[in-house]
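**Q** Before anything else, here's the structure in question.
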Amino acid sequence: MIPASPFGSTGHNSSRVIFGAAALGTMKQDNADRLLEMLLEYGVNHIDTAAAYGDSELRIGPWMREHRRSFFLATKTGDRTRDAARDSLHRSLDRLRTDRIDLIQLHNLADEEDWQKAMGTGGALEALVEARAQGLVRFIGVTGHGSRIASTHQRSLERFDFDSVLFPYNFTMMSMPQYAADAEALLKLCGERGVAVQTIKSAARRRWQNGEARKLSWYEPLRDRDALRRAVHFTLSRPGLFLNSSSDATLLRDILDAAGEPPLQPTRAAMESDVAHHAMEPLFIPGVRDRI
């Protein structure tokens, strides 16, 4: 069983692995149902999806009729204006077949123009605050990608008391000094303010190489079980961090198996060996590649 920990100041004890429901985006319902049943097997009690994840919300919706009370349910809106975000939220409620979402998040709020629009007058944040007042959502979070997202999240937290943040966290990203410094500053701030910290891309190997077609994820994941276990433990050995599972559903059981073990911090030598052996690379590098 996956251990649970307080999800920030929400009052919910979430499983340390959060199901990343982007994995359901292109699935048929019967396959999605089987994958969701695995969550019950391992004690996962937190689902994270988004309006932009294909049919993910539609696949979760029928399942919620029986299991809604068992899960902390999160989704996201990528819209930046108040009206568009309000409409997006109501579509998500319909697709998820629920009258309340536990956590609504501003999706990938990294670009400066998007940030100014979403956080400003008439922006998406206003719609989420309004929805919270109406009882349609309980908590509000912010997510993002890129090498500057940790510092951007700090800025977002200066503007608004978000309940959660989400950003990339793995050995290769944390090996970049500036990214690591920004991440550590963000983690310190979140700890002081009781903000839940979700991490993504723990299972990343690198971007697809030499024109390789994207398969079940936009990045190439680690498939070696020992390396994947060390990657999972690299994140979960740090108290307070939550690991969002990969959009590649074929990795889910291996991730859950690893997360069910006592999280032992891998040695730096072991992680560096994995980087060399599996030709691992950071997904985001300033000035080189910083977008999905």
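Labels used: A, B, ... for chains in the order of the structure tokens, numbers from 1 for residues in each chain, and numbers from 1 for ligands as shown.
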List as a list in words the protein and nucleic acid residues near Ala279 in chain A, meaning an atom at most 12 Å away when only C-alpha atoms are counted, but skip any in the same chain fewer than 3 places from it.

**A**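 That gives Thr172, Ala204, Arg205, Arg206, Arg207, Trp208, Gln209, Glu220, Pro221, Leu222, Ala227, Met271, Glu272, Ser273, Asp274, Val275, Ala276 and Pro282 of chain A.
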
**Q** Please dump the current selection as a compact mmCIF listing (two decimals), in the first residue's frame; keep C-alpha atoms.

**A**
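In the end it all went to part31.txt:
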# COMPACT_ATOMS: atom_id res chain seq x y z
CA THR A 172 18.73 15.57 -13.83
CA ALA A 204 11.74 10.95 -17.24
CA ARG A 205 14.75 9.69 -19.13
CA ARG A 206 15.00 12.44 -21.77
CA ARG A 207 13.11 13.92 -24.70
CA TRP A 208 12.52 11.65 -27.67
CA GLN A 209 15.65 11.60 -29.83
CA GLU A 220 10.89 9.19 -23.14
CA PRO A 221 10.49 7.56 -19.71
CA LEU A 222 12.82 5.29 -17.79
CA ALA A 227 16.59 2.87 -12.39
CA MET A 271 21.97 8.27 -9.66
CA GLU A 272 24.93 9.46 -11.71
CA SER A 273 25.48 5.90 -12.88
CA ASP A 274 21.85 5.75 -14.07
CA VAL A 275 22.30 9.06 -15.90
CA ALA A 276 25.35 7.75 -17.72
CA PRO A 282 17.13 17.30 -18.26

**Q** From a backbone DSSP assignment, name each residue in range 24-270 of chain A labelled strand (DSSP E or B), as a count of residues only.

**A** 45

**Q** Near Leu283 in chain A, within 12 Å and counting only C-alpha atoms, which residues show up once chain neighbours fewer than 3 positions away are dropped, as a ChimeraX atom specification?

**A** /A:145-147,168-176,179,200-209,218-221,280,286,288-292

**Q** Do you know which residues are at most 9 Å from Leu186 in chain A counting only C-alpha atoms, after dropping those on the same chain fewer than 5 positions away, and could you put them as a count of residues only?

**A** 6

**Q** Determine which residues of range 166-201 of chain A receive a DSSP assignment of alpha helix (DSSP H), computed from the backbone, and state them as a PyMOL selection string.

**A** chain A and resi 171-174+177-193

**Q** Once you have the residues from the selection above, write them out as a short mmCIF file (atom, residue, chain, number, x, y, z; two decimals), in the first residue's frame, restricted to all heavy atoms.

**A**
data_model
loop_
_atom_site.label_atom_id
_atom_site.label_comp_id
_atom_site.auth_asym_id
_atom_site.auth_seq_id
_atom_site.Cartn_x
_atom_site.Cartn_y
_atom_site.Cartn_z
N PHE A 171 16.31 13.90 -10.73
CA PHE A 171 17.75 14.05 -10.49
C PHE A 171 18.41 14.95 -11.53
O PHE A 171 19.24 15.80 -11.19
CB PHE A 171 18.43 12.68 -10.45
CG PHE A 171 19.90 12.76 -10.16
CD1 PHE A 171 20.34 13.00 -8.86
CD2 PHE A 171 20.84 12.61 -11.17
CE1 PHE A 171 21.71 13.09 -8.59
CE2 PHE A 171 22.20 12.70 -10.90
CZ PHE A 171 22.64 12.94 -9.60
N THR A 172 18.06 14.78 -12.80
CA THR A 172 18.73 15.57 -13.83
C THR A 172 18.36 17.04 -13.74
O THR A 172 19.21 17.92 -13.90
CB THR A 172 18.41 15.04 -15.24
OG1 THR A 172 16.99 14.98 -15.43
CG2 THR A 172 19.01 13.66 -15.45
N MET A 173 17.10 17.34 -13.46
CA MET A 173 16.71 18.75 -13.30
C MET A 173 17.35 19.35 -12.06
O MET A 173 17.85 20.48 -12.09
CB MET A 173 15.19 18.88 -13.22
CG MET A 173 14.44 18.54 -14.50
SD MET A 173 14.83 19.64 -15.89
CE MET A 173 14.28 21.23 -15.27
N MET A 174 17.38 18.59 -10.97
CA MET A 174 17.94 19.11 -9.72
C MET A 174 19.47 19.13 -9.75
O MET A 174 20.10 19.64 -8.82
CB MET A 174 17.44 18.29 -8.54
CG MET A 174 15.95 18.46 -8.27
SD MET A 174 15.49 20.16 -7.80
CE MET A 174 16.18 20.25 -6.14
N PRO A 177 22.37 23.78 -11.23
CA PRO A 177 22.47 24.62 -10.03
C PRO A 177 21.37 25.67 -9.88
O PRO A 177 20.81 25.81 -8.79
CB PRO A 177 23.86 25.27 -10.16
CG PRO A 177 24.65 24.27 -10.95
CD PRO A 177 23.66 23.70 -11.95
N GLN A 178 21.06 26.39 -10.94
CA GLN A 178 20.05 27.45 -10.80
C GLN A 178 18.67 26.86 -10.56
O GLN A 178 17.90 27.37 -9.75
CB GLN A 178 20.02 28.35 -12.04
CG GLN A 178 19.10 29.56 -11.89
CD GLN A 178 19.49 30.44 -10.71
OE1 GLN A 178 20.62 30.92 -10.63
NE2 GLN A 178 18.57 30.64 -9.77
N TYR A 179 18.35 25.78 -11.28
CA TYR A 179 17.05 25.15 -11.07
C TYR A 179 16.94 24.62 -9.65
O TYR A 179 15.92 24.79 -8.98
CB TYR A 179 16.85 24.00 -12.07
CG TYR A 179 15.43 23.44 -12.05
CD1 TYR A 179 14.43 24.04 -12.79
CD2 TYR A 179 15.11 22.35 -11.25
CE1 TYR A 179 13.12 23.55 -12.77
CE2 TYR A 179 13.81 21.86 -11.20
CZ TYR A 179 12.83 22.46 -11.97
OH TYR A 179 11.54 21.98 -11.93
N ALA A 180 18.01 23.99 -9.17
CA ALA A 180 18.00 23.45 -7.81
C ALA A 180 17.83 24.56 -6.78
O ALA A 180 17.08 24.42 -5.81
CB ALA A 180 19.27 22.67 -7.55
N ALA A 181 18.51 25.69 -6.99
CA ALA A 181 18.40 26.80 -6.05
C ALA A 181 16.98 27.35 -6.02
O ALA A 181 16.42 27.63 -4.96
CB ALA A 181 19.39 27.90 -6.43
N ASP A 182 16.37 27.49 -7.21
CA ASP A 182 14.99 27.98 -7.28
C ASP A 182 14.03 26.99 -6.63
O ASP A 182 13.09 27.38 -5.93
CB ASP A 182 14.59 28.21 -8.74
CG ASP A 182 15.30 29.40 -9.37
OD1 ASP A 182 15.83 30.25 -8.62
OD2 ASP A 182 15.34 29.47 -10.62
N ALA A 183 14.26 25.70 -6.89
CA ALA A 183 13.38 24.67 -6.32
C ALA A 183 13.48 24.65 -4.80
O ALA A 183 12.47 24.53 -4.10
CB ALA A 183 13.73 23.30 -6.90
N GLU A 184 14.70 24.76 -4.29
CA GLU A 184 14.87 24.75 -2.84
C GLU A 184 14.20 25.97 -2.20
O GLU A 184 13.59 25.87 -1.13
CB GLU A 184 16.36 24.72 -2.48
CG GLU A 184 17.07 23.42 -2.86
CD GLU A 184 16.54 22.20 -2.11
OE1 GLU A 184 15.87 22.38 -1.07
OE2 GLU A 184 16.79 21.07 -2.56
N ALA A 185 14.30 27.12 -2.84
CA ALA A 185 13.64 28.31 -2.31
C ALA A 185 12.12 28.14 -2.33
O ALA A 185 11.42 28.55 -1.39
CB ALA A 185 14.05 29.53 -3.13
N LEU A 186 11.60 27.53 -3.39
CA LEU A 186 10.16 27.28 -3.48
C LEU A 186 9.73 26.29 -2.39
O LEU A 186 8.70 26.51 -1.72
CB LEU A 186 9.80 26.74 -4.86
CG LEU A 186 8.33 26.30 -5.05
CD1 LEU A 186 7.38 27.47 -4.86
CD2 LEU A 186 8.14 25.65 -6.42
N LEU A 187 10.49 25.23 -2.20
CA LEU A 187 10.14 24.23 -1.19
C LEU A 187 10.17 24.84 0.21
O LEU A 187 9.31 24.52 1.05
CB LEU A 187 11.10 23.04 -1.27
CG LEU A 187 10.97 22.18 -2.54
CD1 LEU A 187 12.11 21.16 -2.60
CD2 LEU A 187 9.63 21.49 -2.60
N LYS A 188 11.11 25.70 0.46
CA LYS A 188 11.17 26.38 1.75
C LYS A 188 9.92 27.24 1.97
O LYS A 188 9.30 27.20 3.04
CB LYS A 188 12.43 27.23 1.84
CG LYS A 188 12.63 27.94 3.18
CD LYS A 188 13.97 28.66 3.19
CE LYS A 188 14.25 29.29 4.56
NZ LYS A 188 13.30 30.40 4.86
N LEU A 189 9.55 27.99 0.96
CA LEU A 189 8.37 28.85 1.06
C LEU A 189 7.11 28.01 1.26
O LEU A 189 6.27 28.35 2.10
CB LEU A 189 8.25 29.70 -0.21
CG LEU A 189 7.03 30.63 -0.30
CD1 LEU A 189 7.04 31.65 0.84
CD2 LEU A 189 7.01 31.33 -1.65
N CYS A 190 6.98 26.93 0.50
CA CYS A 190 5.81 26.07 0.62
C CYS A 190 5.74 25.44 2.02
O CYS A 190 4.65 25.32 2.60
CB CYS A 190 5.82 24.99 -0.45
SG CYS A 190 5.49 25.62 -2.12
N GLY A 191 6.88 25.05 2.55
CA GLY A 191 6.90 24.48 3.89
C GLY A 191 6.45 25.48 4.94
O GLY A 191 5.71 25.14 5.87
N GLU A 192 6.89 26.72 4.79
CA GLU A 192 6.53 27.76 5.75
C GLU A 192 5.04 28.09 5.69
O GLU A 192 4.43 28.43 6.71
CB GLU A 192 7.34 29.02 5.48
CG GLU A 192 8.83 28.87 5.76
CD GLU A 192 9.65 30.03 5.26
OE1 GLU A 192 9.13 30.87 4.48
OE2 GLU A 192 10.84 30.10 5.61
N ARG A 193 4.45 27.98 4.49
CA ARG A 193 3.07 28.42 4.30
C ARG A 193 2.07 27.27 4.21
O ARG A 193 0.89 27.50 4.01
CB ARG A 193 2.99 29.31 3.06
CG ARG A 193 3.75 30.61 3.27
CD ARG A 193 3.84 31.49 2.06
NE ARG A 193 2.56 31.80 1.47
CZ ARG A 193 2.39 32.68 0.49
NH1 ARG A 193 3.43 33.35 0.02
NH2 ARG A 193 1.21 32.90 -0.03
#

**Q** Skip Leu103 in chain A itself and residues of its chain fewer than 3 positions away, then list as a tab-separated table (two decimals) with N, CA, C and O atoms, in the first residue's frame all residues within 6 Å of it, counting only C-alpha atoms.

**A**
chain	number	residue	atom	x	y	z
A	74	ALA	N	-8.72	16.28	-8.50
A	74	ALA	CA	-8.13	17.53	-8.97
A	74	ALA	C	-8.19	17.59	-10.48
A	74	ALA	O	-8.01	16.59	-11.18
A	139	PHE	N	-10.23	23.93	-3.21
A	139	PHE	CA	-8.88	24.49	-3.13
A	139	PHE	C	-8.41	24.90	-4.52
A	139	PHE	O	-8.93	24.43	-5.54
A	140	ILE	N	-7.40	25.78	-4.53
A	140	ILE	CA	-6.90	26.34	-5.79
A	140	ILE	C	-5.39	26.17	-5.84
A	140	ILE	O	-4.67	26.49	-4.89
